[in-house]
$ cat upload09.cif   # mmCIF, C-alpha atoms (C1' of nucleotides)
data_start
#
loop_
_atom_site.group_PDB
_atom_site.id
_atom_site.type_symbol
_atom_site.label_atom_id
_atom_site.label_comp_id
_atom_site.auth_asym_id
_atom_site.auth_seq_id
_atom_site.Cartn_x
_atom_site.Cartn_y
_atom_site.Cartn_z
ATOM 1 C CA LEU M 68 117.599 40.389 36.126
ATOM 2 C CA LEU M 69 114.649 41.140 33.891
ATOM 3 C CA VAL M 70 114.927 37.678 32.372
ATOM 4 C CA GLY M 71 115.064 36.088 35.807
ATOM 5 C CA ASN M 72 112.043 38.035 36.975
ATOM 6 C CA ARG M 73 110.110 36.944 33.929
ATOM 7 C CA GLN M 74 111.028 33.308 34.475
ATOM 8 C CA ILE M 75 109.842 33.387 38.071
ATOM 9 C CA GLN M 76 106.642 35.029 36.960
ATOM 10 C CA SER M 77 106.080 32.494 34.229
ATOM 11 C CA TYR M 78 106.568 29.501 36.563
ATOM 12 C CA GLY M 79 104.299 31.185 39.068
ATOM 13 C CA ARG M 80 101.570 31.601 36.489
ATOM 14 C CA SER M 81 101.704 27.967 35.488
ATOM 15 C CA GLY M 82 101.371 26.881 39.110
ATOM 16 C CA ASN M 83 104.950 25.733 39.548
ATOM 17 C CA ALA M 84 106.003 27.563 42.684
ATOM 18 C CA LYS M 85 108.835 25.146 43.406
ATOM 19 C CA GLN M 86 110.537 25.839 40.102
ATOM 20 C CA ALA M 87 109.951 29.539 40.562
ATOM 21 C CA LYS M 88 111.698 29.362 43.925
ATOM 22 C CA LYS M 89 114.605 27.531 42.339
ATOM 23 C CA ILE M 90 115.115 30.374 39.858
ATOM 24 C CA PHE M 91 114.650 32.888 42.642
ATOM 25 C CA ASP M 92 117.355 31.267 44.759
ATOM 26 C CA SER M 93 119.738 31.081 41.829
ATOM 27 C CA LEU M 94 119.611 34.787 41.054
ATOM 28 C CA PRO M 95 122.673 36.622 42.330
ATOM 29 C CA TRP M 96 120.911 39.972 42.318
ATOM 30 C CA LYS M 97 117.334 40.575 43.287
ATOM 31 C CA ASP M 98 115.393 43.792 43.139
ATOM 32 C CA SER M 99 112.125 44.523 44.897
ATOM 33 C CA PHE M 100 110.220 43.281 41.843
ATOM 34 C CA THR M 101 112.001 39.933 42.118
ATOM 35 C CA TRP M 102 110.827 39.520 45.699
ATOM 36 C CA ASN M 103 107.303 40.608 44.922
ATOM 37 C CA ILE M 104 106.983 38.316 41.941
ATOM 38 C CA MET M 105 108.169 35.388 44.059
ATOM 39 C CA LEU M 106 105.813 36.378 46.838
ATOM 40 C CA TYR M 107 102.937 36.475 44.404
ATOM 41 C CA ALA M 108 103.925 33.098 42.946
ATOM 42 C CA PHE M 109 103.555 31.548 46.407
ATOM 43 C CA ALA M 110 100.396 33.448 47.241
ATOM 44 C CA ARG M 111 98.485 32.734 44.067
ATOM 45 C CA ASN M 112 99.221 29.022 44.322
ATOM 46 C CA GLY M 113 97.978 28.702 47.866
ATOM 47 C CA HIS M 114 101.385 28.380 49.541
ATOM 48 C CA LEU M 115 100.468 30.746 52.314
ATOM 49 C CA ARG M 116 103.136 29.608 54.766
ATOM 50 C CA ASP M 117 105.880 30.036 52.175
ATOM 51 C CA ALA M 118 104.544 33.455 51.272
ATOM 52 C CA GLU M 119 104.480 34.409 54.936
ATOM 53 C CA SER M 120 108.058 33.453 55.601
ATOM 54 C CA LEU M 121 109.274 35.082 52.415
ATOM 55 C CA PHE M 122 107.448 38.252 53.385
ATOM 56 C CA GLU M 123 108.949 38.291 56.851
ATOM 57 C CA ASN M 124 112.416 37.801 55.387
ATOM 58 C CA MET M 125 112.169 40.474 52.737
ATOM 59 C CA PRO M 126 114.836 43.139 53.019
ATOM 60 C CA SER M 127 112.404 45.966 52.388
ATOM 61 C CA PRO M 128 108.813 44.926 51.726
ATOM 62 C CA SER M 129 107.080 47.529 49.597
ATOM 63 C CA ILE M 130 103.447 48.493 49.495
ATOM 64 C CA VAL M 131 103.016 45.967 46.705
ATOM 65 C CA SER M 132 104.369 43.209 48.975
ATOM 66 C CA HIS M 133 101.917 44.205 51.681
ATOM 67 C CA THR M 134 99.100 44.239 49.169
ATOM 68 C CA VAL M 135 99.926 40.756 47.924
ATOM 69 C CA MET M 136 99.812 39.472 51.501
ATOM 70 C CA ILE M 137 96.509 41.208 52.230
ATOM 71 C CA THR M 138 95.000 39.563 49.170
ATOM 72 C CA ALA M 139 96.412 36.170 50.101
ATOM 73 C CA TYR M 140 95.044 36.371 53.639
ATOM 74 C CA GLY M 141 91.739 37.617 52.340
ATOM 75 C CA LYS M 142 91.339 34.686 49.967
ATOM 76 C CA THR M 143 91.939 32.260 52.828
ATOM 77 C CA GLY M 144 89.642 34.041 55.234
ATOM 78 C CA CYS M 145 92.406 35.181 57.602
ATOM 79 C CA LEU M 146 90.931 38.623 58.025
ATOM 80 C CA GLU M 147 92.696 39.515 61.223
ATOM 81 C CA ARG M 148 96.062 38.782 59.636
ATOM 82 C CA ALA M 149 95.056 40.752 56.553
ATOM 83 C CA ARG M 150 94.117 43.705 58.712
ATOM 84 C CA GLU M 151 97.390 43.492 60.600
ATOM 85 C CA ILE M 152 99.359 43.810 57.385
ATOM 86 C CA PHE M 153 97.081 46.593 56.247
ATOM 87 C CA ASN M 154 97.641 48.509 59.471
ATOM 88 C CA ARG M 155 101.371 47.981 59.179
ATOM 89 C CA ALA M 156 101.428 49.592 55.720
ATOM 90 C CA THR M 157 102.058 53.294 55.895
ATOM 91 C CA ASP M 158 102.001 54.300 52.234
ATOM 92 C CA ARG M 159 98.703 52.713 51.236
ATOM 93 C CA THR M 160 97.834 52.896 47.591
ATOM 94 C CA LEU M 161 94.396 52.661 46.053
ATOM 95 C CA VAL M 162 95.103 49.043 45.121
ATOM 96 C CA CYS M 163 96.028 48.310 48.719
ATOM 97 C CA TRP M 164 92.760 49.774 49.983
ATOM 98 C CA ASN M 165 90.887 47.791 47.351
ATOM 99 C CA SER M 166 92.560 44.586 48.504
ATOM 100 C CA MET M 167 91.489 45.159 52.091
ATOM 101 C CA LEU M 168 88.009 46.010 50.856
ATOM 102 C CA THR M 169 87.911 42.767 48.867
ATOM 103 C CA ALA M 170 89.049 40.747 51.863
ATOM 104 C CA TYR M 171 86.125 41.939 53.953
ATOM 105 C CA ALA M 172 83.564 41.915 51.160
ATOM 106 C CA GLN M 173 84.337 38.416 49.902
ATOM 107 C CA ASN M 174 84.087 37.005 53.401
ATOM 108 C CA GLY M 175 80.724 38.572 54.119
ATOM 109 C CA HIS M 176 81.988 41.168 56.586
ATOM 110 C CA MET M 177 79.963 43.904 54.990
ATOM 111 C CA LEU M 178 80.069 46.351 57.863
ATOM 112 C CA ASN M 179 83.843 46.299 57.853
ATOM 113 C CA ALA M 180 83.817 46.571 54.090
ATOM 114 C CA GLN M 181 81.576 49.619 54.199
ATOM 115 C CA GLU M 182 83.811 51.163 56.810
ATOM 116 C CA ILE M 183 86.859 50.700 54.599
ATOM 117 C CA PHE M 184 84.959 52.055 51.627
ATOM 118 C CA ASN M 185 84.044 55.198 53.517
ATOM 119 C CA GLU M 186 87.538 55.686 54.874
ATOM 120 C CA MET M 187 89.341 55.323 51.556
ATOM 121 C CA PRO M 188 91.011 58.531 50.401
ATOM 122 C CA GLN M 189 90.121 57.754 46.787
ATOM 123 C CA ARG M 190 87.882 55.200 45.111
ATOM 124 C CA SER M 191 88.068 53.734 41.645
ATOM 125 C CA ILE M 192 85.513 51.854 39.599
ATOM 126 C CA VAL M 193 87.137 48.719 41.014
ATOM 127 C CA SER M 194 86.261 49.797 44.569
ATOM 128 C CA PHE M 195 82.634 50.213 43.568
ATOM 129 C CA ASN M 196 82.596 46.899 41.752
ATOM 130 C CA ILE M 197 83.958 45.071 44.788
ATOM 131 C CA LEU M 198 81.018 46.174 46.939
ATOM 132 C CA LEU M 199 78.547 45.724 44.114
ATOM 133 C CA THR M 200 79.701 42.131 43.668
ATOM 134 C CA ALA M 201 79.372 41.431 47.364
ATOM 135 C CA TYR M 202 75.828 42.803 47.529
ATOM 136 C CA SER M 203 74.880 40.865 44.437
ATOM 137 C CA THR M 204 76.241 37.525 45.535
ATOM 138 C CA ASN M 205 74.535 37.955 48.892
ATOM 139 C CA SER M 206 71.292 38.655 46.989
ATOM 140 C CA ASP M 207 71.130 41.939 48.872
ATOM 141 C CA ILE M 208 68.972 43.545 46.201
ATOM 142 C CA HIS M 209 68.172 46.691 48.135
ATOM 143 C CA ASN M 210 71.738 47.634 48.881
ATOM 144 C CA ALA M 211 72.795 46.619 45.397
ATOM 145 C CA LYS M 212 70.221 48.920 43.825
ATOM 146 C CA MET M 213 71.002 51.829 46.107
ATOM 147 C CA PHE M 214 74.632 51.327 45.414
ATOM 148 C CA LEU M 215 74.129 51.174 41.661
ATOM 149 C CA GLU M 216 72.489 54.566 41.679
ATOM 150 C CA ASN M 217 75.484 56.095 43.390
ATOM 151 C CA MET M 218 78.078 54.607 41.098
ATOM 152 C CA PRO M 219 79.883 57.281 39.082
ATOM 153 C CA GLN M 220 80.168 55.032 36.085
ATOM 154 C CA TRP M 221 79.706 51.456 34.984
ATOM 155 C CA ASP M 222 82.188 49.269 33.216
ATOM 156 C CA LEU M 223 82.012 45.767 31.781
ATOM 157 C CA VAL M 224 82.550 44.242 35.216
ATOM 158 C CA SER M 225 79.662 46.208 36.732
ATOM 159 C CA TRP M 226 77.300 45.165 33.957
ATOM 160 C CA THR M 227 78.367 41.543 34.138
ATOM 161 C CA THR M 228 77.978 41.435 37.908
ATOM 162 C CA VAL M 229 74.425 42.732 37.792
ATOM 163 C CA LEU M 230 73.521 40.597 34.789
ATOM 164 C CA ILE M 231 74.583 37.448 36.648
ATOM 165 C CA ALA M 232 72.697 38.532 39.743
ATOM 166 C CA CYS M 233 69.568 38.871 37.613
ATOM 167 C CA ALA M 234 70.096 35.489 35.994
ATOM 168 C CA ARG M 235 70.666 33.716 39.309
ATOM 169 C CA GLY M 236 67.598 35.392 40.751
ATOM 170 C CA GLY M 237 65.557 33.950 37.912
ATOM 171 C CA HIS M 238 65.103 37.277 36.154
ATOM 172 C CA ILE M 239 66.014 35.888 32.760
ATOM 173 C CA LYS M 240 64.319 38.640 30.786
ATOM 174 C CA ASP M 241 66.186 41.329 32.697
ATOM 175 C CA ALA M 242 69.473 39.567 32.142
ATOM 176 C CA LYS M 243 68.841 39.276 28.405
ATOM 177 C CA ARG M 244 67.808 42.903 28.198
ATOM 178 C CA MET M 245 70.962 43.992 29.978
ATOM 179 C CA PHE M 246 73.048 41.959 27.591
ATOM 180 C CA GLU M 247 71.503 43.839 24.691
ATOM 181 C CA GLU M 248 71.742 47.225 26.368
ATOM 182 C CA MET M 249 75.316 47.148 27.573
ATOM 183 C CA PRO M 250 77.698 49.293 25.552
ATOM 184 C CA GLN M 251 79.965 46.412 24.642
ATOM 185 C CA GLN M 252 80.318 42.736 25.384
ATOM 186 C CA ASP M 253 83.378 40.653 26.027
ATOM 187 C CA LEU M 254 83.958 36.922 26.217
ATOM 188 C CA VAL M 255 83.276 36.828 29.949
ATOM 189 C CA VAL M 256 79.795 38.266 29.664
ATOM 190 C CA TRP M 257 79.036 36.108 26.618
ATOM 191 C CA THR M 258 79.975 33.093 28.698
ATOM 192 C CA ALA M 259 77.835 34.256 31.584
ATOM 193 C CA MET M 260 74.914 34.370 29.165
ATOM 194 C CA LEU M 261 75.809 30.930 27.874
ATOM 195 C CA GLU M 262 75.591 29.693 31.444
ATOM 196 C CA LEU M 263 72.150 31.273 31.685
ATOM 197 C CA TYR M 264 71.024 29.265 28.650
ATOM 198 C CA CYS M 265 72.414 26.152 30.309
ATOM 199 C CA ASP M 266 70.254 26.718 33.338
ATOM 200 C CA THR M 267 67.089 27.159 31.307
ATOM 201 C CA GLY M 268 67.593 23.673 29.936
ATOM 202 C CA ASN M 269 66.902 24.521 26.303
ATOM 203 C CA LEU M 270 69.696 22.792 24.435
ATOM 204 C CA GLU M 271 68.633 24.164 21.053
ATOM 205 C CA ALA M 272 68.815 27.749 22.225
ATOM 206 C CA LEU M 273 72.038 26.984 24.033
ATOM 207 C CA LYS M 274 73.673 25.639 20.907
ATOM 208 C CA ARG M 275 72.455 28.559 18.842
ATOM 209 C CA PHE M 276 73.917 30.996 21.339
ATOM 210 C CA TYR M 277 77.176 29.107 21.501
ATOM 211 C CA ASP M 278 77.566 29.280 17.732
ATOM 212 C CA LYS M 279 76.777 32.984 17.757
ATOM 213 C CA MET M 280 79.623 33.771 20.151
ATOM 214 C CA PRO M 281 82.483 35.721 18.579
ATOM 215 C CA GLN M 282 85.198 33.673 20.296
ATOM 216 C CA HIS M 283 85.650 30.796 22.670
ATOM 217 C CA ASP M 284 88.139 29.962 25.368
ATOM 218 C CA ARG M 285 88.537 27.109 27.816
ATOM 219 C CA VAL M 286 85.772 28.428 30.087
ATOM 220 C CA SER M 287 83.131 28.791 27.385
ATOM 221 C CA CYS M 288 84.102 25.383 25.980
ATOM 222 C CA ASN M 289 83.832 23.840 29.431
ATOM 223 C CA VAL M 290 80.353 25.261 29.911
ATOM 224 C CA MET M 291 79.209 23.797 26.619
ATOM 225 C CA LEU M 292 81.028 20.554 27.268
ATOM 226 C CA SER M 293 79.364 19.908 30.601
ATOM 227 C CA ALA M 294 75.973 20.860 29.206
ATOM 228 C CA TYR M 295 76.367 18.207 26.507
ATOM 229 C CA ALA M 296 77.792 15.645 28.901
ATOM 230 C CA ARG M 297 75.062 16.189 31.461
ATOM 231 C CA ASN M 298 72.420 15.566 28.818
ATOM 232 C CA GLY M 299 74.018 12.502 27.321
ATOM 233 C CA TYR M 300 75.241 14.080 24.082
ATOM 234 C CA ILE M 301 78.485 12.186 24.096
ATOM 235 C CA ARG M 302 79.355 12.698 20.454
ATOM 236 C CA GLU M 303 78.883 16.462 20.626
ATOM 237 C CA ALA M 304 80.864 16.573 23.848
ATOM 238 C CA LYS M 305 83.717 14.783 22.154
ATOM 239 C CA ASP M 306 83.665 17.338 19.332
ATOM 240 C CA ILE M 307 84.109 20.117 21.856
ATOM 241 C CA LEU M 308 86.947 18.258 23.511
ATOM 242 C CA ALA M 309 88.635 17.802 20.166
ATOM 243 C CA ALA M 310 88.246 21.496 19.395
ATOM 244 C CA MET M 311 89.840 22.320 22.736
ATOM 245 C CA GLY M 312 92.904 20.410 21.653
ATOM 246 C CA ALA M 313 93.093 18.207 24.764
ATOM 247 C CA LYS M 314 94.008 21.270 26.786
ATOM 248 C CA ASP M 315 92.851 21.844 30.372
ATOM 249 C "C1'" A F 283 113.349 53.369 30.216
ATOM 250 C "C1'" G F 284 111.370 48.313 30.616
ATOM 251 C "C1'" U F 285 109.204 43.338 34.531
ATOM 252 C "C1'" C F 286 105.362 42.970 40.505
ATOM 253 C "C1'" C F 287 99.795 43.843 43.549
ATOM 254 C "C1'" C F 288 93.050 44.997 43.500
ATOM 255 C "C1'" U F 289 86.903 43.685 41.124
ATOM 256 C "C1'" G F 290 83.110 40.085 36.911
ATOM 257 C "C1'" G F 291 82.326 34.013 33.653
ATOM 258 C "C1'" U F 292 82.654 26.958 34.047
ATOM 259 C "C1'" G F 293 84.750 22.973 36.652
ATOM 260 C "C1'" U F 294 88.500 20.831 40.566
ATOM 261 C "C1'" C F 295 82.664 16.967 46.859
#

$ encode --input "upload09.cif" --output "structure tokens"
Amino acid sequence: LLVGNRQIQSYGRSGNAKQAKKIFDSLPWKDSFTWNIMLYAFARNGHLRDAESLFENMPSPSIVSHTVMITAYGKTGCLERAREIFNRATDRTLVCWNSMLTAYAQNGHMLNAQEIFNEMPQRSIVSFNILLTAYSTNSDIHNAKMFLENMPQWDLVSWTTVLIACARGGHIKDAKRMFEEMPQQDLVVWTAMLELYCDTGNLEALKRFYDKMPQHDRVSCNVMLSAYARNGYIREAKDILAAMGAKD
RNA sequence: AGUCCCUGGUGUC
């Protein structure tokens, strides 16, 4: 059972929902995790109809199943469907509330999002980050600032969100200062800074920053790759491609 | 006992 669940999950992660379903159908015994993993495999790969019908046919959909559906509907902008599922859930967890919050926030329904935020029985740093991200991407500086002051604590995600908002707003100095001031940096925030150097158009500085980075992954390589390609540095671009090992 | 769900980085016109 555990092996089967892991196989479904692994096919789901690699985007192969069909193969995942094949394993799912072949399992003689399924627990609630099996169903949820299959549900998530459909949802994360954009097979909303399949997810829907699986959900409706589940023997006993758990709060996790409901949460997966809320997230899936949220990502596709079906807010009324998301809310329906949310209302249907009786035993809402913090993650479930956060998913509903994300659905509203990512689709620009900020009044609904604020309502959910106020109604939530508990909030985590994730809840705060969801709203912070929405304010930032809407360039709602006033609400973002007010919100920042009320946040109980900041984590890497909070810092990165605000740093990117600064960079996109043209506040390069602020973004750089934040990068220095934040308690620790991870690959995501390094890459966000790399993107900032891309936008300033200084290839020298960009390259220097790229070489200074502690690690790389496919995203950071892609950023550097397209910067080279866009500027006609074909040879350098090919070096990056080679380093990526023809992956992606 | 152990496997499932939420927020931040590039691209998929």

$ resolve_selection --input "upload09.cif" --expression "the PyMOL selection byres ((chain F) within 8 of (chain M))" --output "MDAnalysis selection string"
chainID F and resid 285:293

$ residues_around --input "upload09.cif" --residues "Phe214 of chain M" --least-positions-apart "2" --cutoff "9 Å" --atoms "only C-alpha atoms (C1' of nucleotides)" --output "PyMOL selection string"
chain M and resi 195+198-199+202+209-212+216-218

$ write_last_selection --input "upload09.cif" --atoms "C-alpha atoms" --output "compact mmCIF listing (two decimals), in the coordinates of the input"
# COMPACT_ATOMS: atom_id res chain seq x y z
CA PHE M 195 82.63 50.21 43.57
CA LEU M 198 81.02 46.17 46.94
CA LEU M 199 78.55 45.72 44.11
CA TYR M 202 75.83 42.80 47.53
CA HIS M 209 68.17 46.69 48.14
CA ASN M 210 71.74 47.63 48.88
CA ALA M 211 72.80 46.62 45.40
CA LYS M 212 70.22 48.92 43.82
CA GLU M 216 72.49 54.57 41.68
CA ASN M 217 75.48 56.10 43.39
CA MET M 218 78.08 54.61 41.10

$ closest_residue --input "upload09.cif" --among "M:Arg155, M:Lys305, M:Arg190, M:Lys89" --to "Pro128 of chain M" --atoms "all atoms listed in the file"
M:Arg155

$ resolve_selection --input "upload09.cif" --expression "the PyMOL selection byres ((chain M and resi 117) around 12)" --output "PyMOL selection string"
chain M and resi 84-85+88+105-116+118-124+136+139

$ atom_distance --input "upload09.cif" --atom1 "atom CA of Asn83 of chain M" --atom2 "atom CA of Cys145 of chain M"
23.9 Å

$ atom_distance --input "upload09.cif" --atom1 "atom CA of Lys97 of chain M" --atom2 "atom CA of Ser129 of chain M"
13.9 Å

$ atom_distance --input "upload09.cif" --atom1 "atom CA of Arg148 of chain M" --atom2 "atom CA of Gly175 of chain M"
16.3 Å

$ axis_aligned_box --input "upload09.cif" --around "segment 166-179 of chain M" --padding-each-side "6 Å" --output "AutoDock Vina command-line options"
--center_x 86.3 --center_y 41.7 --center_z 53.2 --size_x 24.6 --size_y 21.3 --size_z 21.4

$ closest_residue --input "upload09.cif" --among "M:Ser191, M:Ser206, M:Asn298, M:Thr143" --to "Asn174 of chain M" --atoms "only C-alpha atoms"
M:Thr143

$ closest_residue --input "upload09.cif" --among "M:Met125, M:Ala172, M:Ala294, M:Ala309" --to "Lys142 of chain M" --atoms "only C-alpha atoms"
M:Ala172

$ build_atoms --input "upload09.cif" --residues "segment 154-165 of chain M" --atoms "N, CA, C and O atoms" --output "PDB file, in the coordinates of the input"
ATOM      1  N   ASN M 154      97.312  47.479  58.483  1.00  0.00           N
ATOM      2  CA  ASN M 154      97.641  48.509  59.471  1.00  0.00           C
ATOM      3  C   ASN M 154      99.131  48.825  59.470  1.00  0.00           C
ATOM      4  O   ASN M 154      99.531  49.949  59.743  1.00  0.00           O
ATOM      5  N   ARG M 155      99.926  47.808  59.173  1.00  0.00           N
ATOM      6  CA  ARG M 155     101.371  47.981  59.179  1.00  0.00           C
ATOM      7  C   ARG M 155     101.840  48.847  58.000  1.00  0.00           C
ATOM      8  O   ARG M 155     102.887  49.455  58.042  1.00  0.00           O
ATOM      9  N   ALA M 156     101.043  48.846  56.923  1.00  0.00           N
ATOM     10  CA  ALA M 156     101.428  49.592  55.720  1.00  0.00           C
ATOM     11  C   ALA M 156     101.181  51.081  55.927  1.00  0.00           C
ATOM     12  O   ALA M 156     100.088  51.480  56.320  1.00  0.00           O
ATOM     13  N   THR M 157     102.186  51.859  55.662  1.00  0.00           N
ATOM     14  CA  THR M 157     102.058  53.294  55.895  1.00  0.00           C
ATOM     15  C   THR M 157     101.635  54.026  54.626  1.00  0.00           C
ATOM     16  O   THR M 157     100.848  54.957  54.672  1.00  0.00           O
ATOM     17  N   ASP M 158     102.173  53.588  53.505  1.00  0.00           N
ATOM     18  CA  ASP M 158     102.001  54.300  52.234  1.00  0.00           C
ATOM     19  C   ASP M 158     100.937  53.615  51.378  1.00  0.00           C
ATOM     20  O   ASP M 158     101.193  53.211  50.260  1.00  0.00           O
ATOM     21  N   ARG M 159      99.749  53.486  51.914  1.00  0.00           N
ATOM     22  CA  ARG M 159      98.703  52.713  51.236  1.00  0.00           C
ATOM     23  C   ARG M 159      98.287  53.322  49.906  1.00  0.00           C
ATOM     24  O   ARG M 159      97.930  54.492  49.833  1.00  0.00           O
ATOM     25  N   THR M 160      98.308  52.472  48.905  1.00  0.00           N
ATOM     26  CA  THR M 160      97.834  52.896  47.591  1.00  0.00           C
ATOM     27  C   THR M 160      96.358  52.550  47.446  1.00  0.00           C
ATOM     28  O   THR M 160      95.777  51.828  48.273  1.00  0.00           O
ATOM     29  N   LEU M 161      95.781  53.005  46.350  1.00  0.00           N
ATOM     30  CA  LEU M 161      94.396  52.661  46.053  1.00  0.00           C
ATOM     31  C   LEU M 161      94.220  51.147  45.919  1.00  0.00           C
ATOM     32  O   LEU M 161      93.240  50.579  46.416  1.00  0.00           O
ATOM     33  N   VAL M 162      95.178  50.501  45.273  1.00  0.00           N
ATOM     34  CA  VAL M 162      95.103  49.043  45.121  1.00  0.00           C
ATOM     35  C   VAL M 162      95.138  48.365  46.480  1.00  0.00           C
ATOM     36  O   VAL M 162      94.412  47.395  46.735  1.00  0.00           O
ATOM     37  N   CYS M 163      95.940  48.868  47.375  1.00  0.00           N
ATOM     38  CA  CYS M 163      96.028  48.310  48.719  1.00  0.00           C
ATOM     39  C   CYS M 163      94.692  48.428  49.446  1.00  0.00           C
ATOM     40  O   CYS M 163      94.200  47.466  50.045  1.00  0.00           O
ATOM     41  N   TRP M 164      94.093  49.577  49.392  1.00  0.00           N
ATOM     42  CA  TRP M 164      92.760  49.774  49.983  1.00  0.00           C
ATOM     43  C   TRP M 164      91.760  48.819  49.343  1.00  0.00           C
ATOM     44  O   TRP M 164      90.930  48.197  50.022  1.00  0.00           O
ATOM     45  N   ASN M 165      91.813  48.692  48.040  1.00  0.00           N
ATOM     46  CA  ASN M 165      90.887  47.791  47.351  1.00  0.00           C
ATOM     47  C   ASN M 165      91.071  46.343  47.797  1.00  0.00           C
ATOM     48  O   ASN M 165      90.103  45.590  47.901  1.00  0.00           O
TER      49      ASN M 165
END
